[in-house]
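What follows is start_27.txt (compact mmCIF, C-alpha atoms (C1' of nucleotides)).
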```txt
# COMPACT_ATOMS: atom_id res chain seq x y z
CA MET M 20 81.98 118.06 104.61
CA ALA M 21 78.56 116.60 105.07
CA ARG M 22 76.20 119.50 105.19
CA ASP M 23 73.64 116.74 105.62
CA SER M 24 74.91 114.93 108.60
CA LYS M 25 71.28 114.10 109.16
CA ASN M 26 70.23 110.74 107.90
CA THR M 27 70.18 110.34 104.18
CA ASN M 28 69.92 106.65 104.64
CA GLY M 29 66.27 105.81 104.96
CA ASP M 30 66.65 104.54 108.52
CA ARG M 31 68.83 101.63 107.67
CA TYR M 32 71.24 102.62 110.42
CA ALA M 33 70.85 102.77 114.13
CA PRO M 34 69.51 106.12 115.34
CA GLY M 35 72.05 108.90 115.12
CA LEU M 36 74.39 106.90 112.95
CA ASP M 37 75.34 109.07 110.01
CA GLU M 38 78.21 108.89 107.59
CA VAL M 39 80.49 110.86 109.89
CA SER M 40 80.06 108.31 112.64
CA LEU M 41 80.72 105.58 110.14
CA ALA M 42 83.94 107.28 109.18
CA ILE M 43 84.92 107.46 112.84
CA ILE M 44 84.21 103.76 113.25
CA GLU M 45 86.37 103.00 110.24
CA GLN M 46 89.25 104.88 111.78
CA LEU M 47 88.91 102.95 115.00
CA GLN M 48 88.64 99.66 113.18
CA GLU M 49 92.09 100.32 111.83
CA ASP M 50 93.49 101.30 115.22
CA GLY M 51 91.42 101.36 118.36
CA ARG M 52 93.86 103.68 120.10
CA ARG M 53 94.12 106.32 117.42
CA PRO M 54 93.99 109.79 119.04
CA TYR M 55 90.76 111.72 118.78
CA ALA M 56 92.54 114.65 117.17
CA ALA M 57 93.85 112.46 114.35
CA ILE M 58 90.39 111.03 113.80
CA GLY M 59 88.95 114.51 113.82
CA LYS M 60 91.32 115.62 111.10
CA ALA M 61 90.41 112.58 109.01
CA VAL M 62 86.67 113.05 109.29
CA GLY M 63 86.50 116.85 109.51
CA LEU M 64 85.51 117.33 113.13
CA SER M 65 87.14 118.81 116.18
CA GLU M 66 88.80 116.60 118.74
CA ALA M 67 86.03 117.17 121.28
CA ALA M 68 83.27 116.36 118.84
CA VAL M 69 84.91 113.06 117.95
CA ARG M 70 85.28 112.18 121.59
CA GLN M 71 81.65 112.89 122.31
CA ARG M 72 80.54 110.79 119.38
CA VAL M 73 82.77 107.89 120.30
CA GLN M 74 81.47 107.95 123.83
CA LYS M 75 77.89 107.98 122.63
CA LEU M 76 78.49 105.18 120.17
CA GLN M 77 79.84 103.06 122.97
CA GLU M 78 77.02 103.93 125.33
CA GLN M 79 74.49 103.02 122.67
CA GLY M 80 76.19 99.69 122.19
CA VAL M 81 76.85 100.38 118.54
CA MET M 82 80.58 99.97 118.94
CA GLN M 83 83.08 98.73 121.49
CA ILE M 84 86.81 99.25 121.58
CA VAL M 85 88.56 96.14 122.83
CA ALA M 86 91.58 93.92 122.52
CA VAL M 87 90.91 90.82 120.45
CA THR M 88 93.12 87.76 120.35
CA ASP M 89 93.13 84.24 119.10
CA PRO M 90 92.13 82.29 122.23
CA LEU M 91 93.98 79.25 120.96
CA THR M 92 97.18 81.29 120.76
CA VAL M 93 96.68 82.71 124.20
CA GLY M 94 96.71 79.19 125.34
CA PHE M 95 94.55 77.66 127.93
CA LEU M 96 91.43 77.23 125.88
CA ARG M 97 89.37 74.99 123.70
CA GLN M 98 87.09 76.74 121.28
CA ALA M 99 84.19 75.57 119.17
CA MET M 100 81.21 76.67 117.12
CA LEU M 101 77.90 75.03 117.84
CA GLY M 102 75.04 74.80 115.39
CA VAL M 103 71.81 74.68 117.37
CA THR M 104 68.30 73.83 116.28
CA VAL M 105 65.38 74.98 118.35
CA ASP M 106 61.82 73.99 119.08
CA GLY M 107 59.47 76.95 119.06
CA ASP M 108 60.58 80.52 119.54
CA VAL M 109 64.27 81.10 118.93
CA GLU M 110 64.76 84.33 120.87
CA PRO M 111 64.38 83.02 124.42
CA VAL M 112 66.84 80.25 123.66
CA ALA M 113 69.27 82.81 122.27
CA ASP M 114 68.86 84.85 125.44
CA ALA M 115 69.53 81.86 127.64
CA LEU M 116 72.65 80.98 125.69
CA ALA M 117 73.86 84.56 125.82
CA GLU M 118 73.84 84.40 129.60
CA ILE M 119 76.36 81.58 129.72
CA ASP M 120 79.87 82.87 130.47
CA GLU M 121 81.63 80.48 128.15
CA VAL M 122 79.51 81.66 125.24
CA ASP M 123 81.05 84.65 123.52
CA TYR M 124 79.03 84.82 120.31
CA VAL M 125 75.38 84.14 119.56
CA VAL M 126 73.73 84.69 116.19
CA ILE M 127 70.22 83.95 115.07
CA ALA M 128 70.50 82.55 111.57
CA ALA M 129 68.54 81.16 108.66
CA GLY M 130 69.48 77.71 107.42
CA SER M 131 69.76 74.24 108.81
CA PHE M 132 70.71 75.71 112.17
CA ASP M 133 68.62 78.28 113.97
CA LEU M 134 71.49 79.55 116.09
CA LEU M 135 75.24 79.71 115.78
CA VAL M 136 77.02 79.80 119.10
CA GLU M 137 80.73 80.17 119.68
CA VAL M 138 82.11 78.90 122.97
CA VAL M 139 85.47 79.21 124.71
CA CYS M 140 86.55 76.58 127.20
CA GLN M 141 89.52 75.62 129.30
CA ASP M 142 89.91 72.12 127.90
CA ASP M 143 88.06 69.24 126.31
CA GLU M 144 86.42 68.12 129.50
CA HIS M 145 85.10 71.59 130.15
CA LEU M 146 83.76 71.77 126.61
CA LEU M 147 82.07 68.40 126.86
CA ASP M 148 80.46 69.31 130.13
CA LEU M 149 79.26 72.64 128.80
CA ILE M 150 77.64 71.16 125.73
CA ASN M 151 76.05 68.11 127.28
CA LYS M 152 75.02 69.34 130.69
CA ARG M 153 74.32 73.00 130.19
CA ILE M 154 73.46 73.70 126.57
CA ARG M 155 71.62 70.56 125.49
CA ALA M 156 69.70 70.76 128.73
CA LEU M 157 68.22 74.16 127.93
CA PRO M 158 64.49 74.12 127.26
CA GLY M 159 63.83 74.62 123.57
CA VAL M 160 67.14 73.20 122.39
CA ARG M 161 66.32 70.32 120.08
CA SER M 162 69.78 69.37 118.87
CA THR M 163 73.32 70.65 118.58
CA GLU M 164 76.23 69.97 116.31
CA SER M 165 79.79 70.84 117.29
CA PHE M 166 82.69 72.16 115.27
CA VAL M 167 85.83 72.17 117.36
CA TYR M 168 88.34 74.79 116.27
CA LEU M 169 91.69 73.54 115.11
CA LYS M 170 93.21 76.78 113.88
CA LEU M 171 92.16 80.37 113.46
CA ARG M 172 93.20 81.57 110.07
CA LYS M 173 91.81 85.07 109.70
CA GLN M 174 90.13 87.55 112.02
CA THR M 175 89.61 91.12 110.84
CA TYR M 176 87.37 94.01 111.71
CA THR M 177 88.20 96.45 108.96
CA TRP M 178 85.32 95.55 106.71
CA GLY M 179 84.16 99.12 107.02
CA THR M 180 87.18 100.31 105.08
CA ARG M 181 87.07 98.46 101.83
CA MET V 16 105.74 90.88 141.51
CA ALA V 17 105.96 87.45 139.94
CA ARG V 18 109.51 86.36 140.52
CA ASP V 19 108.73 83.74 137.90
CA SER V 20 107.62 85.84 135.00
CA LYS V 21 109.44 83.20 133.00
CA ASN V 22 107.17 80.59 131.58
CA THR V 23 105.61 78.30 134.11
CA ASN V 24 103.21 77.11 131.50
CA GLY V 25 104.89 74.28 129.66
CA ASP V 26 104.86 76.13 126.36
CA ARG V 27 101.13 76.24 126.01
CA TYR V 28 101.30 79.93 125.18
CA ALA V 29 102.85 81.78 122.32
CA PRO V 30 106.50 82.65 122.92
CA GLY V 31 106.96 85.38 125.46
CA LEU V 32 103.38 85.21 126.65
CA ASP V 33 103.45 84.96 130.42
CA GLU V 34 100.83 85.64 133.03
CA VAL V 35 101.66 89.34 133.13
CA SER V 36 100.92 89.71 129.45
CA LEU V 37 97.71 87.80 129.96
CA ALA V 38 96.73 90.23 132.68
CA ILE V 39 97.45 93.13 130.34
CA ILE V 40 95.29 91.54 127.66
CA GLU V 41 92.48 91.12 130.17
CA GLN V 42 92.64 94.81 131.00
CA LEU V 43 92.42 95.73 127.36
CA GLN V 44 89.59 93.31 126.73
CA GLU V 45 87.58 95.30 129.23
CA ASP V 46 88.54 98.63 127.69
CA GLY V 47 90.81 98.95 124.70
CA ARG V 48 91.58 102.58 125.53
CA ARG V 49 92.52 102.14 129.15
CA PRO V 50 95.63 104.23 129.89
CA TYR V 51 98.93 102.43 130.18
CA ALA V 52 99.50 103.80 133.66
CA ALA V 53 96.23 102.35 134.91
CA ILE V 54 97.07 98.98 133.41
CA GLY V 55 100.51 99.14 134.97
CA LYS V 56 99.02 99.73 138.39
CA ALA V 57 96.69 96.77 137.91
CA VAL V 58 99.36 94.33 136.81
CA GLY V 59 102.30 95.67 138.82
CA LEU V 60 104.44 97.21 136.11
CA SER V 61 105.51 100.70 135.16
CA GLU V 62 103.70 102.61 132.48
CA ALA V 63 106.57 102.27 130.04
CA ALA V 64 106.85 98.53 130.52
CA VAL V 65 103.17 98.08 129.75
CA ARG V 66 103.54 100.19 126.66
CA GLN V 67 106.46 98.12 125.44
CA ARG V 68 104.60 94.89 126.03
CA VAL V 69 101.45 96.05 124.31
CA GLN V 70 103.44 97.15 121.31
CA LYS V 71 105.19 93.81 121.11
CA LEU V 72 101.99 91.86 121.50
CA GLN V 73 100.53 93.74 118.58
CA GLU V 74 103.63 93.33 116.45
CA GLN V 75 103.62 89.60 117.12
CA GLY V 76 100.00 89.43 116.07
CA VAL V 77 98.93 88.04 119.41
CA MET V 78 96.52 90.88 120.05
CA GLN V 79 94.90 93.75 118.20
CA ILE V 80 93.05 96.72 119.61
CA VAL V 81 90.12 97.63 117.41
CA ALA V 82 86.57 98.87 117.32
CA VAL V 83 84.05 96.08 116.85
CA THR V 84 80.45 96.58 115.83
CA ASP V 85 77.49 94.60 114.72
CA PRO V 86 77.63 95.01 110.94
CA LEU V 87 73.88 94.55 110.71
CA THR V 88 73.38 97.49 113.06
CA VAL V 89 75.78 99.65 111.13
CA GLY V 90 73.50 99.07 108.28
CA PHE V 91 74.56 98.50 104.77
CA LEU V 92 75.49 94.87 105.08
CA ARG V 93 74.41 91.29 104.76
CA GLN V 94 76.31 88.83 106.86
CA ALA V 95 76.54 85.03 106.85
CA MET V 96 78.47 82.06 108.08
CA LEU V 97 79.50 79.46 105.55
CA GLY V 98 80.29 75.86 106.35
CA VAL V 99 82.75 74.60 103.78
CA THR V 100 83.89 71.08 103.00
CA VAL V 101 87.13 70.55 101.16
CA ASP V 102 88.80 68.01 98.92
CA GLY V 103 92.39 67.30 99.90
CA ASP V 104 94.48 69.66 101.99
CA VAL V 105 92.49 72.22 103.94
CA GLU V 106 95.17 74.84 104.51
CA PRO V 107 95.58 76.17 100.98
CA VAL V 108 91.82 76.57 100.72
CA ALA V 109 91.80 78.44 104.01
CA ASP V 110 94.55 80.70 102.68
CA ALA V 111 92.65 81.42 99.50
CA LEU V 112 89.50 82.26 101.44
CA ALA V 113 91.44 84.48 103.81
CA GLU V 114 92.53 86.62 100.89
CA ILE V 115 88.98 87.56 99.96
CA ASP V 116 88.07 91.01 101.24
CA GLU V 117 84.51 90.13 102.14
CA VAL V 118 85.74 87.29 104.34
CA ASP V 119 86.44 88.48 107.86
CA TYR V 120 86.79 85.18 109.74
CA VAL V 121 88.24 81.83 108.74
CA VAL V 122 88.58 78.84 111.07
CA ILE V 123 89.79 75.35 110.37
CA ALA V 124 87.49 73.03 112.26
CA ALA V 125 86.72 69.41 113.02
CA GLY V 126 83.22 68.16 112.26
CA SER V 127 80.96 67.95 109.29
CA PHE V 128 82.54 71.14 107.92
CA ASP V 129 86.25 71.56 107.40
CA LEU V 130 86.12 75.33 107.45
CA LEU V 131 83.89 77.96 108.97
CA VAL V 132 83.92 81.23 107.09
CA GLU V 133 82.16 84.42 108.05
CA VAL V 134 81.43 86.89 105.27
CA VAL V 135 80.19 90.49 105.19
CA CYS V 136 78.39 91.80 102.13
CA GLN V 137 76.56 94.88 100.95
CA ASP V 138 73.31 93.13 100.10
CA ASP V 139 71.81 89.82 99.04
CA GLU V 140 72.98 90.05 95.48
CA HIS V 141 76.52 90.71 96.59
CA LEU V 142 76.34 87.72 98.92
CA LEU V 143 74.96 85.44 96.26
CA ASP V 144 77.62 86.47 93.81
CA LEU V 145 80.38 86.00 96.35
CA ILE V 146 79.31 82.50 97.29
CA ASN V 147 78.50 81.16 93.85
CA LYS V 148 81.09 82.82 91.68
CA ARG V 149 84.06 83.29 93.96
CA ILE V 150 83.94 80.81 96.82
CA ARG V 151 82.40 77.74 95.24
CA ALA V 152 84.73 78.27 92.30
CA LEU V 153 87.86 77.92 94.41
CA PRO V 154 89.86 74.79 93.70
CA GLY V 155 89.47 72.31 96.55
CA VAL V 156 86.07 73.56 97.67
CA ARG V 157 83.71 70.62 97.47
CA SER V 158 80.57 72.11 98.92
CA THR V 159 79.27 75.00 101.00
CA GLU V 160 76.30 75.57 103.23
CA SER V 161 75.12 79.05 104.13
CA PHE V 162 73.69 80.48 107.32
CA VAL V 163 72.47 84.00 106.74
CA TYR V 164 72.53 86.13 109.87
CA LEU V 165 69.23 87.46 111.07
CA LYS V 166 70.31 89.01 114.34
CA LEU V 167 73.46 89.25 116.40
CA ARG V 168 72.65 88.44 119.98
CA LYS V 169 75.93 88.43 121.85
CA GLN V 170 79.48 89.43 121.02
CA THR V 171 82.04 89.62 123.82
CA TYR V 172 85.78 89.51 124.15
CA THR V 173 86.18 89.39 127.90
CA TRP V 174 86.56 85.65 128.17
CA GLY V 175 89.97 86.29 129.65
CA THR V 176 88.36 87.77 132.73
CA ARG V 177 86.11 85.07 134.06
C1' DC Q 4 136.46 84.37 136.43
C1' DT Q 5 135.78 88.09 133.21
C1' DT Q 6 133.72 90.23 129.43
C1' DC Q 7 130.20 91.16 126.43
C1' DA Q 8 125.59 91.04 124.76
C1' DT Q 9 120.77 90.74 125.49
C1' DC Q 10 116.57 91.42 127.60
C1' DA Q 11 113.09 93.42 130.45
C1' DC Q 12 112.30 96.89 133.31
C1' DT Q 13 112.54 101.69 135.34
C1' DT Q 14 113.12 106.62 135.39
C1' DC Q 15 112.69 111.04 133.37
C1' DG Q 16 111.42 115.11 130.58
C1' DG Q 17 109.13 117.13 126.74
C1' DA Q 18 105.46 116.75 123.48
C1' DT Q 19 100.93 115.29 122.83
C1' DT Q 20 96.46 114.15 124.12
C1' DG Q 21 92.30 113.93 126.89
C1' DC Q 22 88.77 116.29 129.18
C1' DA Q 23 85.54 119.60 131.42
C1' DT Q 24 83.87 124.04 130.59
C1' DT Q 25 82.17 127.79 127.97
C1' DG Q 26 79.98 129.96 124.25
C1' DC Q 27 78.13 129.75 119.60
C1' DT Q 28 74.74 128.36 116.02
C1' DA Q 29 70.96 125.97 114.02
C1' DA Q 30 66.61 123.54 114.46
C1' DC Q 31 62.26 122.89 116.68
C1' DG Q 32 57.86 123.98 119.12
C1' DG Q 33 54.78 126.90 121.50
C1' DC N 12 59.13 135.96 119.12
C1' DC N 13 61.15 133.36 122.71
C1' DG N 14 62.77 129.30 125.16
C1' DT N 15 64.66 124.84 124.66
C1' DT N 16 67.60 121.41 122.91
C1' DA N 17 71.42 119.42 120.38
C1' DG N 18 75.82 119.43 118.26
C1' DC N 19 80.13 121.54 117.65
C1' DA N 20 84.38 124.70 118.28
C1' DA N 21 87.60 126.80 121.34
C1' DT N 22 90.27 127.07 125.53
C1' DG N 23 93.22 125.88 129.41
C1' DC N 24 94.88 122.56 132.53
C1' DA N 25 95.74 117.90 133.93
C1' DA N 26 96.80 113.40 132.38
C1' DT N 27 98.82 110.59 129.12
C1' DC N 28 101.99 109.16 125.74
C1' DC N 29 106.51 108.40 124.04
C1' DG N 30 111.46 108.23 123.14
C1' DA N 31 115.90 108.04 125.29
C1' DA N 32 118.93 106.77 128.65
C1' DG N 33 120.16 104.06 132.67
C1' DT N 34 120.06 99.72 135.67
C1' DG N 35 120.31 94.97 136.88
C1' DA N 36 119.84 90.12 135.83
C1' DT N 37 120.92 86.35 132.82
C1' DG N 38 123.59 83.67 129.78
C1' DA N 39 127.17 82.73 126.46
C1' DA N 40 131.93 83.16 124.91
C1' DG N 41 136.76 83.79 125.84
```
Please express the file's structure as structure tokens.
Amino acid sequence: MARDSKNTNGDRYAPGLDEVSLAIIEQLQEDGRRPYAAIGKAVGLSEAAVRQRVQKLQEQGVMQIVAVTDPLTVGFLRQAMLGVTVDGDVEPVADALAEIDEVDYVVIAAGSFDLLVEVVCQDDEHLLDLINKRIRALPGVRSTESFVYLKLRKQTYTWGTR
Amino acid sequence: MARDSKNTNGDRYAPGLDEVSLAIIEQLQEDGRRPYAAIGKAVGLSEAAVRQRVQKLQEQGVMQIVAVTDPLTVGFLRQAMLGVTVDGDVEPVADALAEIDEVDYVVIAAGSFDLLVEVVCQDDEHLLDLINKRIRALPGVRSTESFVYLKLRKQTYTWGTR
DNA sequence: CTTCATCACTTCGGATTGCATTGCTAACGG
DNA sequence: CCGTTAGCAATGCAATCCGAAGTGATGAAG
């Protein structure tokens, strides 16, 4: 396989991210606990080589292996997406939002919102407090719009394996 | 441990989801590959019991253990959030959207959008085609608004461990 | 009260896997 | 030509995984 495990991609990937690493990621998107040896057989590497790559990918922040759930199913939580518009530079506002514990997802976007922010709360009161007292109060935040989650319908991570 | 591993929660959780299972999920949110024995020591169960619970949680669809990445970092992708408004019943539209491969996230929400839909595409043309020809064409979809992702700033799954 | 079934957990042993180490090869720069 | 670095394969031992079997508690039926 892959005599050219060097980049053939014109630097569109993160450094050191070749097609072999992509194949490893695909394997782990299907099952995060798949043994290294099985992955190695699938991508044409030894067990140790796979392990080293996985470790490096995680250290670089390219990939993380975690349990994901539907917070609403797990119970004690209210969840919402916030559309945020910003005055001035977007990045510092994104950074400030990212530091809030209840915020689990921050994306800088193009469109009628500058930022999309997903939040997880204990209950409605907690959510209200978070939005009004802590998020709207941030310097640079011009306005927010809330979309409270009613039901999670799909949540997949296997887009790498289409 | 926990003489009352029966529900003390008034049915707010999915069936069979007690505080021990929550503790297991927390462990795996920190590290999806943590050994069962280590988890068992942390939550006060034997290795085998943890293994049985994790298996059941995955079978029930409560939890999945996967690799997650930033698609934009991995390279060959355009990503966006779509706000969708619907005529009539929302659920069948959500189902139809969930069946599309490029759609990785579907939430039924309250607010000026009925649905929030995250999509992952190869490039701009692919995205355009998906939105105009396949999503807007779905029966029941009244309108869509797009937020193209510029940069992912935060993505965590450890909300269970605050 | 007894019996039977179920459920969650534990214990146990063998098979598998993870991991640190070692050595090999190729690529690069002086 | 030599030294350095990086990535991978191979090896051996410890740790982990996994299926099977056993135990005790609970609840329902006779």
Hey, list the chain N side of the contact with chain V: 12 Å cut-off, only C-alpha atoms (C1' of nucleotides), answer as JSON, numbers by chain. {"N": [26, 27, 28, 29, 30, 31, 36, 37]}
Tell me, how big is the Cα RMSD between chain V and chain M, fit done by least squares on all Cα paired in order? 0.2 Å
Where does chain M meet chain V within 8 Å, residue by residue, with the nearest atom pair and distance in Å to one decimal for each, counting all atoms listed in the file, listed by chain and rising number, as JSON lines?
```
{"residue": "M:Arg31", "atom": "CA", "partner": "V:Gly90", "partner_atom": "CA", "distance": 5.4}
{"residue": "M:Tyr32", "atom": "CA", "partner": "V:Gly90", "partner_atom": "CA", "distance": 4.7}
{"residue": "M:Ala33", "atom": "CA", "partner": "V:Thr88", "partner_atom": "CA", "distance": 6.0}
{"residue": "M:Leu36", "atom": "CA", "partner": "V:Val89", "partner_atom": "CA", "distance": 7.6}
{"residue": "M:Leu41", "atom": "CA", "partner": "V:Val89", "partner_atom": "CA", "distance": 7.8}
{"residue": "M:Ile44", "atom": "CA", "partner": "V:Ala82", "partner_atom": "CA", "distance": 6.8}
{"residue": "M:Leu47", "atom": "CA", "partner": "V:Ala82", "partner_atom": "CA", "distance": 5.2}
{"residue": "M:Gln48", "atom": "CA", "partner": "V:Ala82", "partner_atom": "CA", "distance": 4.7}
{"residue": "M:Glu49", "atom": "CA", "partner": "V:Val81", "partner_atom": "CA", "distance": 6.5}
{"residue": "M:Asp50", "atom": "CA", "partner": "V:Val81", "partner_atom": "CA", "distance": 5.4}
{"residue": "M:Gly51", "atom": "CA", "partner": "V:Val81", "partner_atom": "CA", "distance": 4.1}
{"residue": "M:Arg52", "atom": "CA", "partner": "V:Arg48", "partner_atom": "CA", "distance": 6.0}
{"residue": "M:Val81", "atom": "CA", "partner": "V:Thr84", "partner_atom": "CA", "distance": 5.9}
{"residue": "M:Met82", "atom": "CA", "partner": "V:Thr84", "partner_atom": "CA", "distance": 4.6}
{"residue": "M:Gln83", "atom": "CA", "partner": "V:Val83", "partner_atom": "CA", "distance": 5.4}
{"residue": "M:Ile84", "atom": "CA", "partner": "V:Ala82", "partner_atom": "CA", "distance": 4.3}
{"residue": "M:Val85", "atom": "CA", "partner": "V:Gly47", "partner_atom": "CA", "distance": 4.1}
{"residue": "M:Ala86", "atom": "CA", "partner": "V:Ile80", "partner_atom": "CA", "distance": 4.3}
{"residue": "M:Val87", "atom": "CA", "partner": "V:Gln79", "partner_atom": "CA", "distance": 5.4}
{"residue": "M:Thr88", "atom": "CA", "partner": "V:Met78", "partner_atom": "CA", "distance": 4.6}
{"residue": "M:Asp89", "atom": "CA", "partner": "V:Val77", "partner_atom": "CA", "distance": 6.9}
{"residue": "M:Thr92", "atom": "CA", "partner": "V:Ala29", "partner_atom": "CA", "distance": 5.9}
{"residue": "M:Val93", "atom": "CA", "partner": "V:Tyr28", "partner_atom": "CA", "distance": 5.5}
{"residue": "M:Gly94", "atom": "CA", "partner": "V:Tyr28", "partner_atom": "CA", "distance": 4.7}
{"residue": "M:Phe95", "atom": "CA", "partner": "V:Arg27", "partner_atom": "CA", "distance": 7.0}
{"residue": "M:Ala113", "atom": "CA", "partner": "V:Arg168", "partner_atom": "CA", "distance": 7.0}
{"residue": "M:Asp114", "atom": "CA", "partner": "V:Arg168", "partner_atom": "CA", "distance": 7.6}
{"residue": "M:Ala117", "atom": "CA", "partner": "V:Lys169", "partner_atom": "CA", "distance": 5.9}
{"residue": "M:Asp120", "atom": "CA", "partner": "V:Arg177", "partner_atom": "CA", "distance": 7.5}
{"residue": "M:Glu121", "atom": "CA", "partner": "V:Trp174", "partner_atom": "CA", "distance": 7.1}
{"residue": "M:Asp123", "atom": "CA", "partner": "V:Thr171", "partner_atom": "CA", "distance": 5.1}
{"residue": "M:Tyr124", "atom": "CA", "partner": "V:Gln170", "partner_atom": "CA", "distance": 4.7}
{"residue": "M:Val125", "atom": "CA", "partner": "V:Lys169", "partner_atom": "CA", "distance": 4.9}
{"residue": "M:Val126", "atom": "CA", "partner": "V:Leu167", "partner_atom": "CA", "distance": 4.6}
{"residue": "M:Ile127", "atom": "CA", "partner": "V:Lys166", "partner_atom": "CA", "distance": 5.1}
{"residue": "M:Ala128", "atom": "CA", "partner": "V:Tyr164", "partner_atom": "CA", "distance": 4.5}
{"residue": "M:Ala129", "atom": "CA", "partner": "V:Val163", "partner_atom": "CA", "distance": 5.2}
{"residue": "M:Gly130", "atom": "CA", "partner": "V:Phe162", "partner_atom": "CA", "distance": 5.0}
{"residue": "M:Ser131", "atom": "CA", "partner": "V:Phe162", "partner_atom": "CA", "distance": 7.5}
{"residue": "M:Phe132", "atom": "CA", "partner": "V:Phe162", "partner_atom": "CA", "distance": 7.4}
{"residue": "M:Val139", "atom": "CA", "partner": "V:Trp174", "partner_atom": "CA", "distance": 7.4}
{"residue": "M:Ser165", "atom": "CA", "partner": "V:Gly126", "partner_atom": "CA", "distance": 6.7}
{"residue": "M:Phe166", "atom": "CA", "partner": "V:Gly126", "partner_atom": "CA", "distance": 5.0}
{"residue": "M:Val167", "atom": "CA", "partner": "V:Ala125", "partner_atom": "CA", "distance": 5.2}
{"residue": "M:Tyr168", "atom": "CA", "partner": "V:Ala124", "partner_atom": "CA", "distance": 4.5}
{"residue": "M:Leu169", "atom": "CA", "partner": "V:Ala124", "partner_atom": "CA", "distance": 5.1}
{"residue": "M:Lys170", "atom": "CA", "partner": "V:Ile123", "partner_atom": "CA", "distance": 5.1}
{"residue": "M:Leu171", "atom": "CA", "partner": "V:Val122", "partner_atom": "CA", "distance": 4.6}
{"residue": "M:Arg172", "atom": "CA", "partner": "V:Val121", "partner_atom": "CA", "distance": 5.1}
{"residue": "M:Lys173", "atom": "CA", "partner": "V:Val121", "partner_atom": "CA", "distance": 4.9}
{"residue": "M:Gln174", "atom": "CA", "partner": "V:Tyr120", "partner_atom": "CA", "distance": 4.7}
{"residue": "M:Thr175", "atom": "CA", "partner": "V:Asp119", "partner_atom": "CA", "distance": 5.1}
{"residue": "M:Tyr176", "atom": "CA", "partner": "V:Val83", "partner_atom": "CA", "distance": 6.5}
{"residue": "M:Trp178", "atom": "CA", "partner": "V:Glu117", "partner_atom": "CA", "distance": 7.1}
{"residue": "M:Arg181", "atom": "CA", "partner": "V:Asp116", "partner_atom": "CA", "distance": 7.5}
```
Let me know the centre plus edge lengths, in Å and rounded to one decimal, of a box with edges along x, y and z that contains all listed atoms of range 19-24 of chain Q and is padded by 8 Å on every side, as lines of an AutoDock Vina configuration file.
```
center_x = 92.4
center_y = 119.0
center_z = 127.1
size_x = 33.1
size_y = 26.1
size_z = 24.6
```
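The chain Q residues that come within 9 Å of chain V are DA11, DC12 and DT13 of chain Q, with only C-alpha atoms (C1' of nucleotides) taken into account.
Coordinates place C1' of DA21 in chain N at a distance of 8.6 Å from C1' of DT25 in chain Q.
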Could you pull the residues within 9 Å of Asp139 in chain V, counting all atoms listed in the file, minus those fewer than 4 positions along the same chain, as a compact mmCIF listing (two decimals) with C-alpha atoms, keeping the file's coordinate frame?
```
# COMPACT_ATOMS: atom_id res chain seq x y z
CA LEU V 92 75.49 94.87 105.08
CA ARG V 93 74.41 91.29 104.76
CA LEU V 143 74.96 85.44 96.26
CA ASP V 144 77.62 86.47 93.81
```
At what distance in Å, to one decimal, does C1' of DT34 in chain N lie from CA of Gln70 in chain V? 22.1 Å
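Coordinates place C1' of DG21 in chain Q at a distance of 13.5 Å from CA of Ile58 in chain M.
Shortest atom-to-atom contact with DT20 in chain Q among M:Asn151, M:Ala42, M:Ala57, M:His145: M:Ala57, counting all atoms listed in the file.
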